[in-house]
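Here's target.cif, which has mmCIF, C-alpha atoms and all ligand atoms:
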```cif
data_query
#
loop_
_atom_site.label_atom_id
_atom_site.label_comp_id
_atom_site.auth_asym_id
_atom_site.auth_seq_id
_atom_site.Cartn_x
_atom_site.Cartn_y
_atom_site.Cartn_z
CA MET A 10 0.00 0.00 0.00
CA ARG A 11 1.25 3.47 -0.91
CA ILE A 12 2.27 5.74 1.98
CA ARG A 13 0.67 9.16 1.57
CA LYS A 14 0.63 10.59 5.08
CA ALA A 15 3.24 11.49 7.66
CA VAL A 16 3.02 12.49 11.30
CA VAL A 17 5.54 14.95 12.75
CA PRO A 18 5.37 15.12 16.56
CA ALA A 19 6.57 18.56 17.61
CA ALA A 20 4.90 19.11 20.99
CA GLY A 21 7.96 18.40 23.16
CA MET A 22 9.38 21.16 25.35
CA GLY A 23 12.93 21.17 24.01
CA THR A 24 14.60 21.46 27.41
CA ARG A 25 18.03 20.59 25.99
CA PHE A 26 17.94 23.84 24.05
CA LEU A 27 16.89 26.26 26.80
CA PRO A 28 16.92 29.23 27.06
CA ALA A 29 16.53 29.54 23.24
CA THR A 30 13.41 27.36 23.30
CA LYS A 31 11.64 29.29 26.05
CA SER A 32 9.67 31.26 23.46
CA ILE A 33 10.85 29.84 20.10
CA PRO A 34 9.92 26.31 19.01
CA LYS A 35 13.18 24.40 18.51
CA GLU A 36 11.87 23.31 15.11
CA MET A 37 12.13 26.98 14.04
CA LEU A 38 15.84 27.29 14.87
CA PRO A 39 17.65 27.72 11.55
CA ILE A 40 19.96 25.32 9.78
CA VAL A 41 21.86 27.88 7.70
CA ASN A 42 18.88 30.01 6.58
CA LYS A 43 15.97 27.55 6.84
CA PRO A 44 14.10 26.57 9.99
CA SER A 45 15.04 22.94 10.69
CA ILE A 46 11.41 21.85 10.26
CA GLN A 47 11.65 22.91 6.60
CA LEU A 48 14.36 20.28 6.00
CA ILE A 49 11.94 17.70 7.45
CA VAL A 50 9.08 18.83 5.22
CA GLU A 51 11.42 18.83 2.20
CA GLU A 52 12.47 15.24 2.98
CA ALA A 53 8.81 14.23 3.35
CA ALA A 54 7.87 15.79 0.00
CA ALA A 55 10.93 14.28 -1.73
CA SER A 56 9.84 10.88 -0.33
CA GLY A 57 6.39 11.21 -1.91
CA ILE A 58 4.41 12.23 1.19
CA GLU A 59 1.32 14.24 0.24
CA GLN A 60 -0.20 15.09 3.61
CA LEU A 61 1.68 15.99 6.75
CA ILE A 62 0.10 16.01 10.19
CA LEU A 63 1.93 18.16 12.67
CA VAL A 64 1.38 17.43 16.37
CA THR A 65 1.86 20.73 18.15
CA GLY A 66 1.53 22.05 21.67
CA LYS A 67 1.66 25.35 23.48
CA GLY A 68 3.85 28.00 21.80
CA LYS A 69 4.29 26.13 18.53
CA THR A 70 2.08 28.19 16.21
CA GLU A 71 5.07 29.69 14.33
CA ILE A 72 5.72 26.28 12.79
CA VAL A 73 2.34 26.26 11.06
CA ASP A 74 2.73 29.94 10.07
CA HIS A 75 5.99 29.15 8.29
CA PHE A 76 4.13 26.90 5.83
CA ASP A 77 1.27 29.35 5.30
CA ALA A 78 1.08 32.06 2.60
CA HIS A 79 2.25 35.57 3.57
CA PRO A 80 0.49 37.82 1.01
CA ARG A 81 1.93 41.15 2.28
CA LEU A 82 5.53 39.89 2.16
CA GLU A 83 4.96 38.20 -1.20
CA GLU A 84 3.56 41.43 -2.73
CA SER A 85 6.42 43.47 -1.33
CA LEU A 86 9.09 41.10 -2.73
CA GLU A 87 7.31 41.03 -6.08
CA ARG A 88 7.13 44.83 -6.24
CA ALA A 89 10.85 45.01 -5.44
CA GLY A 90 11.62 42.47 -8.18
CA LYS A 91 13.18 40.07 -5.63
CA TYR A 92 11.95 36.98 -7.44
CA ALA A 93 14.49 34.49 -6.06
CA LEU A 94 13.54 35.40 -2.47
CA LEU A 95 9.84 35.29 -3.41
CA GLU A 96 10.34 31.73 -4.69
CA GLU A 97 12.17 30.83 -1.45
CA ILE A 98 9.20 31.84 0.70
CA VAL A 99 6.45 30.47 -1.55
CA ARG A 100 8.03 27.06 -2.28
CA PRO A 101 7.70 25.65 1.27
CA THR A 102 3.96 26.43 1.28
CA LYS A 103 3.46 24.11 -1.71
CA LEU A 104 5.48 21.05 -0.65
CA VAL A 105 2.71 19.10 1.11
CA LYS A 106 -0.82 19.57 2.43
CA MET A 107 -0.42 20.34 6.11
CA SER A 108 -2.78 19.91 9.03
CA ALA A 109 -2.15 20.27 12.72
CA VAL A 110 -3.48 18.63 15.84
CA ARG A 111 -2.79 19.71 19.41
CA GLN A 112 -1.37 17.50 22.10
CA GLN A 113 -2.74 19.23 25.17
CA ARG A 114 -0.16 17.84 27.59
CA PRO A 115 3.28 16.47 26.74
CA LEU A 116 2.52 12.92 27.86
CA GLY A 117 5.17 11.38 25.63
CA LEU A 118 6.03 10.62 22.02
CA GLY A 119 3.67 7.63 21.89
CA HIS A 120 0.81 9.78 23.13
CA ALA A 121 1.68 12.51 20.57
CA ILE A 122 1.33 9.99 17.74
CA LEU A 123 -1.95 8.72 19.17
CA CYS A 124 -3.26 12.32 18.93
CA ALA A 125 -2.95 12.07 15.11
CA ARG A 126 -5.03 8.88 14.89
CA ASP A 127 -8.21 10.43 13.42
CA LEU A 128 -6.27 12.36 10.79
CA VAL A 129 -4.23 9.30 9.76
CA GLY A 130 -7.22 6.95 9.58
CA ASP A 131 -6.81 3.32 8.61
CA GLU A 132 -3.71 3.49 6.43
CA PRO A 133 0.04 3.08 6.90
CA PHE A 134 1.92 6.29 7.57
CA ALA A 135 5.41 7.67 8.08
CA VAL A 136 6.68 9.36 11.25
CA PHE A 137 9.41 12.00 11.21
CA LEU A 138 10.96 13.17 14.48
CA PRO A 139 11.93 16.74 13.67
CA ASP A 140 15.09 16.70 15.83
CA ASP A 141 16.61 14.09 13.56
CA LEU A 142 17.94 15.63 10.37
CA VAL A 143 19.24 13.12 7.85
CA ASP A 144 21.46 13.99 4.92
CA ALA A 145 21.15 11.04 2.55
CA PRO A 146 21.63 10.23 -1.15
CA ARG A 147 18.05 8.85 -1.16
CA PRO A 148 15.71 10.42 1.43
CA CYS A 149 15.80 8.29 4.60
CA ALA A 150 11.99 8.09 4.80
CA ARG A 151 11.86 6.96 1.16
CA GLN A 152 14.28 4.12 1.98
CA LEU A 153 11.87 2.95 4.71
CA MET A 154 8.81 3.41 2.49
CA ASP A 155 10.39 1.21 -0.19
CA LEU A 156 10.86 -1.56 2.39
CA TYR A 157 7.31 -1.19 3.74
CA GLU A 158 5.90 -1.39 0.23
CA LYS A 159 7.90 -4.60 -0.33
CA THR A 160 7.23 -6.36 2.98
CA GLY A 161 3.95 -4.83 4.27
CA GLN A 162 5.62 -4.72 7.69
CA SER A 163 6.16 -1.68 9.93
CA VAL A 164 9.78 -0.50 9.84
CA VAL A 165 12.07 1.77 11.87
CA ALA A 166 15.33 3.46 10.82
CA LEU A 167 18.44 2.07 12.53
CA MET A 168 21.99 3.29 12.97
CA ASN A 169 24.99 1.95 14.86
CA VAL A 170 26.03 4.00 17.91
CA PRO A 171 28.96 3.72 20.36
CA ARG A 172 28.02 1.39 23.26
CA GLU A 173 28.45 4.21 25.81
CA GLU A 174 25.61 6.13 24.08
CA THR A 175 22.90 3.43 24.14
CA SER A 176 21.16 5.15 27.06
CA GLN A 177 20.17 8.01 24.72
CA TYR A 178 18.21 5.82 22.26
CA GLY A 179 15.72 3.03 21.75
CA ILE A 180 17.91 -0.01 21.05
CA ALA A 181 16.89 -2.90 18.76
CA SER A 182 18.13 -6.43 18.25
CA GLY A 183 17.04 -9.30 16.02
CA THR A 184 18.11 -11.24 12.94
CA VAL A 185 19.57 -9.86 9.73
CA ASN A 186 17.90 -10.73 6.42
CA PRO A 187 20.44 -13.00 4.64
CA ASP A 188 19.54 -11.41 1.28
CA GLU A 189 19.77 -7.77 2.40
CA ALA A 190 22.32 -6.75 5.01
CA ARG A 191 20.54 -3.44 5.75
CA HIS A 192 17.27 -5.22 6.66
CA MET A 193 16.70 -6.74 10.06
CA LEU A 194 13.73 -8.49 11.65
CA ILE A 195 13.49 -6.95 15.11
CA SER A 196 12.74 -9.19 18.08
CA THR A 197 13.64 -6.90 20.99
CA LEU A 198 13.29 -3.16 21.47
CA VAL A 199 14.35 -1.42 24.69
CA GLU A 200 14.00 2.28 25.52
CA LYS A 201 17.27 3.95 26.61
CA PRO A 202 19.07 0.91 28.15
CA SER A 203 22.37 1.35 30.00
CA SER A 204 25.43 0.19 28.05
CA ALA A 205 25.51 -2.97 30.19
CA GLU A 206 21.85 -3.83 29.52
CA ALA A 207 21.70 -2.87 25.83
CA PRO A 208 20.92 -5.91 23.64
CA SER A 209 22.95 -4.38 20.77
CA THR A 210 24.30 -1.02 19.60
CA LEU A 211 21.64 -0.55 16.92
CA ALA A 212 19.73 2.61 17.75
CA VAL A 213 16.32 3.62 16.45
CA VAL A 214 16.47 7.10 14.89
CA GLY A 215 13.56 9.36 14.08
CA ARG A 216 12.10 7.86 10.91
CA TYR A 217 9.40 5.18 10.95
CA VAL A 218 6.81 3.73 8.59
CA LEU A 219 4.00 2.22 10.62
CA SER A 220 0.93 0.14 10.01
CA PRO A 221 -2.24 1.70 11.52
CA ARG A 222 -2.24 -1.30 13.91
CA VAL A 223 0.29 0.69 15.97
CA PHE A 224 -2.60 2.80 17.31
CA HIS A 225 -4.05 -0.30 18.93
CA TYR A 226 -0.77 -0.91 20.77
CA LEU A 227 -0.37 2.77 21.68
CA GLU A 228 -3.83 2.78 23.22
CA HIS A 229 -2.79 -0.06 25.52
CA THR A 230 0.64 1.31 26.40
CA THR A 231 1.01 2.44 30.01
CA PRO A 232 3.48 5.17 30.99
CA GLY A 233 7.06 3.83 30.79
CA LYS A 234 10.49 5.45 31.14
CA GLY A 235 10.21 9.02 32.47
CA GLY A 236 6.47 8.49 33.17
CA GLU A 237 5.77 9.07 29.45
CA ILE A 238 3.79 6.97 26.98
CA GLN A 239 6.67 5.66 24.90
CA LEU A 240 6.44 4.81 21.20
CA THR A 241 9.24 2.26 21.80
CA ASP A 242 7.03 0.26 24.21
CA ALA A 243 4.17 0.11 21.69
CA LEU A 244 6.60 -0.92 18.94
CA ALA A 245 8.09 -3.63 21.17
CA ALA A 246 4.57 -5.13 21.56
CA LEU A 247 3.95 -4.78 17.81
CA ALA A 248 7.30 -6.48 17.06
CA LEU A 249 6.32 -9.43 19.21
CA ARG A 250 2.87 -9.97 17.74
CA GLU A 251 3.01 -8.69 14.15
CA GLY A 252 6.69 -8.34 13.27
CA LEU A 253 8.75 -5.18 12.89
CA GLY A 254 11.51 -4.47 10.41
CA GLY A 255 14.62 -2.36 10.94
CA TRP A 256 16.48 -0.62 8.12
CA LEU A 257 20.12 0.40 8.51
CA PHE A 258 19.67 3.53 6.45
CA ASP A 259 22.20 5.01 4.05
CA GLY A 260 22.93 8.58 5.17
CA GLU A 261 24.16 10.72 8.02
CA ARG A 262 21.94 11.75 10.94
CA TYR A 263 22.26 14.91 13.03
CA ASP A 264 20.51 15.45 16.37
CA ALA A 265 19.40 19.05 15.98
CA GLY A 266 17.63 18.94 19.37
CA ASP A 267 21.03 18.95 21.05
CA VAL A 268 23.32 22.00 20.91
CA ALA A 269 26.43 20.13 19.63
CA GLY A 270 24.40 18.14 17.07
CA TYR A 271 22.71 21.37 15.94
CA LEU A 272 26.08 23.07 15.33
CA GLN A 273 27.30 20.03 13.37
CA ALA A 274 24.11 20.08 11.27
CA ASN A 275 24.71 23.75 10.48
CA LEU A 276 28.26 22.99 9.38
CA ASN A 277 27.08 20.07 7.24
CA TRP A 278 24.49 22.16 5.40
CA ALA A 279 26.86 25.16 5.17
CA ARG A 280 29.30 22.84 3.38
CA LYS A 281 26.83 22.75 0.48
CA VAL A 282 27.10 26.53 -0.04
CA PRO A 283 30.65 27.29 -1.32
CA ARG A 284 30.58 30.96 -0.20
CA LEU A 285 29.58 30.01 3.35
CA TRP A 286 31.94 27.07 3.57
CA GLN A 287 34.86 29.25 2.55
CA ALA A 288 33.96 31.71 5.32
CA VAL A 289 33.79 28.86 7.88
CA GLN A 290 37.15 27.50 6.78
CA GLN A 291 38.76 30.95 6.99
CA TYR A 292 37.37 31.34 10.51
CA VAL A 293 38.68 27.91 11.61
CA GLN A 294 42.13 28.66 10.15
CA ARG A 295 42.28 31.97 12.03
CA HIS A 296 41.38 30.29 15.33
CA SER A 297 43.28 26.99 15.23
P1 LIG B 1 12.21 14.44 23.11
O1 LIG B 1 12.26 13.32 24.06
O2 LIG B 1 13.44 14.79 22.36
O3 LIG B 1 11.68 15.69 23.93
O4 LIG B 1 11.03 14.13 22.10
P2 LIG B 1 11.73 17.23 23.64
O5 LIG B 1 10.86 17.89 24.65
O6 LIG B 1 11.39 17.54 22.23
O7 LIG B 1 13.25 17.68 23.85
P3 LIG B 1 14.16 17.72 25.15
O8 LIG B 1 14.68 16.32 25.31
O9 LIG B 1 13.32 18.20 26.31
O10 LIG B 1 15.23 18.70 24.80
C1 LIG B 1 11.16 13.42 20.90
C2 LIG B 1 10.14 13.93 19.90
O11 LIG B 1 8.82 13.70 20.38
C3 LIG B 1 8.08 14.90 20.47
C4 LIG B 1 9.12 16.01 20.53
O12 LIG B 1 8.58 17.22 20.03
C5 LIG B 1 10.24 15.43 19.66
O13 LIG B 1 10.00 15.66 18.30
N1 LIG B 1 7.22 14.83 21.66
C6 LIG B 1 7.74 14.39 22.85
C7 LIG B 1 5.90 15.21 21.57
O14 LIG B 1 5.41 15.64 20.50
N2 LIG B 1 5.12 15.14 22.70
C8 LIG B 1 5.60 14.67 23.88
O15 LIG B 1 4.83 14.59 24.86
C9 LIG B 1 6.95 14.30 23.95
#
```

Would you mind writing the file's structure down as structure tokens?
Ligand code: UTP
Amino acid sequence: MRIRKAVVPAAGMGTRFLPATKSIPKEMLPIVNKPSIQLIVEEAAASGIEQLILVTGKGKTEIVDHFDAHPRLEESLERAGKYALLEEIVRPTKLVKMSAVRQQRPLGLGHAILCARDLVGDEPFAVFLPDDLVDAPRPCARQLMDLYEKTGQSVVALMNVPREETSQYGIASGTVNPDEARHMLISTLVEKPSSAEAPSTLAVVGRYVLSPRVFHYLEHTTPGKGGEIQLTDALAALALREGLGGWLFDGERYDAGDVAGYLQANLNWARKVPRLWQAVQQYVQRHS
């Protein structure tokens, strides 16, 4: 079945980025000159997603505004003949159809996804965690969608992490498909295990393609780690009863919800703009 919809949970409080995120949603912090959420929406559109459901909370209205038309600004740029800039602000409004649903209390990522249930309906859908920016030759979500369309099984993106970092991720283990080394059938999924308890070093990163059956498991998930309703716990139940795939994606992931990861993401995307990259290199030379 074709995947047309994606859910983007963006109702978290972004405590790792305080004080910046006290009054600015972290999804609006720029990577070079685009809010990071725009990179997510661009990846979704490039993957073939047609409708994006944003889960928002208090103080997140700017995200929706960014993808709305701005007639006064558009007219002013047009009058000034600034057509390239005009294109830059109009293009994001046309990438996907966007709707938003509120999560009234931040009860956890699993709960945020459950809030999108009515808008998703009874069809498979993608999930993008907006902190995770992935620079990939083929969009990361598209890689997962290809696998879903082949196997009909829910799938999560996986990457290898150093053992001392397992406590920052959901960690998966299982068996590797003998015909495709990137594909794994997941048997165990644990939320943020210590390095001693981690069943492997394969971490789940923020791209998923899920069967609508996941809502059933989310509904029955009780608060887990941190008192939050965890998506990992629902996926662990789904893995046990219906099977869950993992895909070791091709690409590089940046955690833009963390200050160091955010700076690295900025450098990575600045590298694609020769004028900016030259300025960065000159700066580094002067200071090293
Ligand atoms: P995080 O655990 O990274 O939380 O959420 P956070 O609040 O965004 O950031 P920190 O850790 O406090 O700095 C993972 C994803 O789940 C969403 C977040 O917006 C983020 O995209 N989320 C989390 C929700 O939408 N609702 C929640 O209740 C919790």

Build an axis-aligned box that encloses every atom of segment 24-27 of chain A listed in the file, pad it by 5 Å on each side, and report its centre and edge lengths in Å to one decimal, as JSON.
```
{"center_x": 16.3, "center_y": 23.4, "center_z": 25.7, "size_x": 13.4, "size_y": 15.7, "size_z": 13.4}
```

(request) Work out how far apart atom O11 of ligand LIG 1 (chain B) and atom CA of Ser203 of chain A are and give it in Å to one decimal. (result) 20.7 Å

(request) Please give me, as a ChimeraX atom specification, the residues lying within 7 Å of ligand LIG 1 (chain B) when counting all atoms listed in the file. (result) /A:18-26,64-65,112,114-118,120-121,138-140,266-267

(request) Select, from A:Pro202, A:Gly215, A:Pro28, A:Pro221, the residue with the minimum atom-to-atom distance to Lys14 of chain A, counting only C-alpha atoms. (result) A:Pro221

(request) Can you pull out every residue within 7 Å of segment 152-167 of chain A, counting only C-alpha atoms, but drop anything in the same chain fewer than 2 positions away, and send it as an MDAnalysis selection string? (result) chainID A and resid 10:12 147:150 169 211:220 252:258

(message) Within 10 Å of (21.5, 13.1, 2.5) in the file's own coordinates, which protein, DNA or RNA residues have an atom, counting all atoms listed in the file? List them as a PyMOL selection string.
(response) chain A and resi 52+142-149+259-262+278

(request) Just give me the gap between atom CA of Arg172 of chain A and atom CA of Ser204 of chain A in Å, one decimal is fine. (result)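 Spanning atom CA of Arg172 of chain A to atom CA of Ser204 of chain A is a straight-line distance of 5.6 Å.
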
(message) Restricting the calculation to all atoms listed in the file: of A:Arg222, A:His296, A:Leu276, A:Gly236, which residue gets closest to Glu132 of chain A?
(response) A:Arg222

(request) Can you pull out every residue within 6 Å of segment 41-45 of chain A, counting only C-alpha atoms, but drop anything in the same chain fewer than 4 positions away, and send it as a PyMOL selection string? (result) chain A and resi 36-37+275

Your completed segment 190-201 of chain A with all heavy atoms, as a PDB file, keeping the file's coordinate frame:
```
ATOM      1  N   ALA A 190      21.631  -7.016   3.743  1.00  0.00           N
ATOM      2  CA  ALA A 190      22.320  -6.750   5.010  1.00  0.00           C
ATOM      3  C   ALA A 190      21.762  -5.549   5.763  1.00  0.00           C
ATOM      4  O   ALA A 190      21.920  -5.442   6.981  1.00  0.00           O
ATOM      5  CB  ALA A 190      23.807  -6.553   4.742  1.00  0.00           C
ATOM      6  N   ARG A 191      21.096  -4.627   5.063  1.00  0.00           N
ATOM      7  CA  ARG A 191      20.540  -3.440   5.750  1.00  0.00           C
ATOM      8  C   ARG A 191      19.220  -3.765   6.469  1.00  0.00           C
ATOM      9  O   ARG A 191      18.713  -2.960   7.225  1.00  0.00           O
ATOM     10  CB  ARG A 191      20.295  -2.313   4.753  1.00  0.00           C
ATOM     11  CG  ARG A 191      21.576  -1.690   4.222  1.00  0.00           C
ATOM     12  CD  ARG A 191      21.251  -0.452   3.393  1.00  0.00           C
ATOM     13  NE  ARG A 191      22.467   0.131   2.877  1.00  0.00           N
ATOM     14  CZ  ARG A 191      23.246   0.986   3.541  1.00  0.00           C
ATOM     15  NH1 ARG A 191      22.905   1.361   4.752  1.00  0.00           N
ATOM     16  NH2 ARG A 191      24.339   1.470   2.996  1.00  0.00           N
ATOM     17  N   HIS A 192      18.623  -4.901   6.151  1.00  0.00           N
ATOM     18  CA  HIS A 192      17.270  -5.220   6.660  1.00  0.00           C
ATOM     19  C   HIS A 192      17.350  -6.214   7.814  1.00  0.00           C
ATOM     20  O   HIS A 192      17.983  -7.251   7.706  1.00  0.00           O
ATOM     21  CB  HIS A 192      16.450  -5.817   5.503  1.00  0.00           C
ATOM     22  CG  HIS A 192      15.057  -6.180   5.898  1.00  0.00           C
ATOM     23  ND1 HIS A 192      14.312  -7.100   5.211  1.00  0.00           N
ATOM     24  CD2 HIS A 192      14.260  -5.745   6.911  1.00  0.00           C
ATOM     25  CE1 HIS A 192      13.126  -7.225   5.779  1.00  0.00           C
ATOM     26  NE2 HIS A 192      13.070  -6.405   6.806  1.00  0.00           N
ATOM     27  N   MET A 193      16.653  -5.875   8.893  1.00  0.00           N
ATOM     28  CA  MET A 193      16.700  -6.740  10.060  1.00  0.00           C
ATOM     29  C   MET A 193      15.283  -6.999  10.544  1.00  0.00           C
ATOM     30  O   MET A 193      14.429  -6.108  10.490  1.00  0.00           O
ATOM     31  CB  MET A 193      17.502  -5.956  11.096  1.00  0.00           C
ATOM     32  CG  MET A 193      17.489  -6.491  12.443  1.00  0.00           C
ATOM     33  SD  MET A 193      18.644  -5.432  13.347  1.00  0.00           S
ATOM     34  CE  MET A 193      18.760  -6.422  14.762  1.00  0.00           C
ATOM     35  N   LEU A 194      15.019  -8.211  11.023  1.00  0.00           N
ATOM     36  CA  LEU A 194      13.730  -8.490  11.650  1.00  0.00           C
ATOM     37  C   LEU A 194      13.931  -8.311  13.149  1.00  0.00           C
ATOM     38  O   LEU A 194      14.710  -9.047  13.771  1.00  0.00           O
ATOM     39  CB  LEU A 194      13.284  -9.927  11.312  1.00  0.00           C
ATOM     40  CG  LEU A 194      11.848 -10.205  11.743  1.00  0.00           C
ATOM     41  CD1 LEU A 194      10.865  -9.312  10.984  1.00  0.00           C
ATOM     42  CD2 LEU A 194      11.499 -11.666  11.530  1.00  0.00           C
ATOM     43  N   ILE A 195      13.235  -7.325  13.707  1.00  0.00           N
ATOM     44  CA  ILE A 195      13.490  -6.950  15.110  1.00  0.00           C
ATOM     45  C   ILE A 195      12.718  -7.865  16.057  1.00  0.00           C
ATOM     46  O   ILE A 195      11.515  -8.082  15.886  1.00  0.00           O
ATOM     47  CB  ILE A 195      13.098  -5.475  15.331  1.00  0.00           C
ATOM     48  CG1 ILE A 195      14.032  -4.569  14.504  1.00  0.00           C
ATOM     49  CG2 ILE A 195      13.143  -5.103  16.814  1.00  0.00           C
ATOM     50  CD1 ILE A 195      13.720  -3.091  14.594  1.00  0.00           C
ATOM     51  N   SER A 196      13.436  -8.379  17.068  1.00  0.00           N
ATOM     52  CA  SER A 196      12.740  -9.190  18.080  1.00  0.00           C
ATOM     53  C   SER A 196      12.640  -8.445  19.409  1.00  0.00           C
ATOM     54  O   SER A 196      11.697  -8.638  20.163  1.00  0.00           O
ATOM     55  CB  SER A 196      13.441 -10.535  18.264  1.00  0.00           C
ATOM     56  OG  SER A 196      14.806 -10.319  18.525  1.00  0.00           O
ATOM     57  N   THR A 197      13.622  -7.610  19.705  1.00  0.00           N
ATOM     58  CA  THR A 197      13.640  -6.900  20.990  1.00  0.00           C
ATOM     59  C   THR A 197      13.846  -5.411  20.761  1.00  0.00           C
ATOM     60  O   THR A 197      14.645  -5.018  19.912  1.00  0.00           O
ATOM     61  CB  THR A 197      14.834  -7.378  21.858  1.00  0.00           C
ATOM     62  OG1 THR A 197      14.950  -8.772  21.702  1.00  0.00           O
ATOM     63  CG2 THR A 197      14.659  -7.011  23.301  1.00  0.00           C
ATOM     64  N   LEU A 198      13.151  -4.617  21.546  1.00  0.00           N
ATOM     65  CA  LEU A 198      13.290  -3.160  21.470  1.00  0.00           C
ATOM     66  C   LEU A 198      13.260  -2.633  22.897  1.00  0.00           C
ATOM     67  O   LEU A 198      12.317  -2.926  23.641  1.00  0.00           O
ATOM     68  CB  LEU A 198      12.095  -2.622  20.692  1.00  0.00           C
ATOM     69  CG  LEU A 198      12.213  -1.372  19.851  1.00  0.00           C
ATOM     70  CD1 LEU A 198      13.390  -1.440  18.908  1.00  0.00           C
ATOM     71  CD2 LEU A 198      10.933  -1.197  19.036  1.00  0.00           C
ATOM     72  N   VAL A 199      14.289  -1.908  23.302  1.00  0.00           N
ATOM     73  CA  VAL A 199      14.350  -1.420  24.690  1.00  0.00           C
ATOM     74  C   VAL A 199      14.597   0.083  24.664  1.00  0.00           C
ATOM     75  O   VAL A 199      15.460   0.574  23.933  1.00  0.00           O
ATOM     76  CB  VAL A 199      15.534  -2.066  25.466  1.00  0.00           C
ATOM     77  CG1 VAL A 199      15.357  -1.882  26.964  1.00  0.00           C
ATOM     78  CG2 VAL A 199      15.684  -3.531  25.133  1.00  0.00           C
ATOM     79  N   GLU A 200      13.840   0.832  25.486  1.00  0.00           N
ATOM     80  CA  GLU A 200      14.000   2.280  25.520  1.00  0.00           C
ATOM     81  C   GLU A 200      15.175   2.667  26.434  1.00  0.00           C
ATOM     82  O   GLU A 200      15.209   2.296  27.604  1.00  0.00           O
ATOM     83  CB  GLU A 200      12.687   2.935  26.015  1.00  0.00           C
ATOM     84  CG  GLU A 200      12.706   4.457  26.106  1.00  0.00           C
ATOM     85  CD  GLU A 200      12.822   5.179  24.754  1.00  0.00           C
ATOM     86  OE1 GLU A 200      12.789   4.518  23.701  1.00  0.00           O
ATOM     87  OE2 GLU A 200      12.967   6.405  24.762  1.00  0.00           O
ATOM     88  N   LYS A 201      16.145   3.370  25.874  1.00  0.00           N
ATOM     89  CA  LYS A 201      17.270   3.950  26.610  1.00  0.00           C
ATOM     90  C   LYS A 201      17.936   3.006  27.635  1.00  0.00           C
ATOM     91  O   LYS A 201      18.017   3.329  28.832  1.00  0.00           O
ATOM     92  CB  LYS A 201      16.828   5.242  27.302  1.00  0.00           C
ATOM     93  CG  LYS A 201      16.262   6.280  26.316  1.00  0.00           C
ATOM     94  CD  LYS A 201      16.071   7.643  26.933  1.00  0.00           C
ATOM     95  CE  LYS A 201      15.831   8.717  25.910  1.00  0.00           C
ATOM     96  NZ  LYS A 201      14.505   8.999  25.507  1.00  0.00           N
TER      97      LYS A 201
END
```
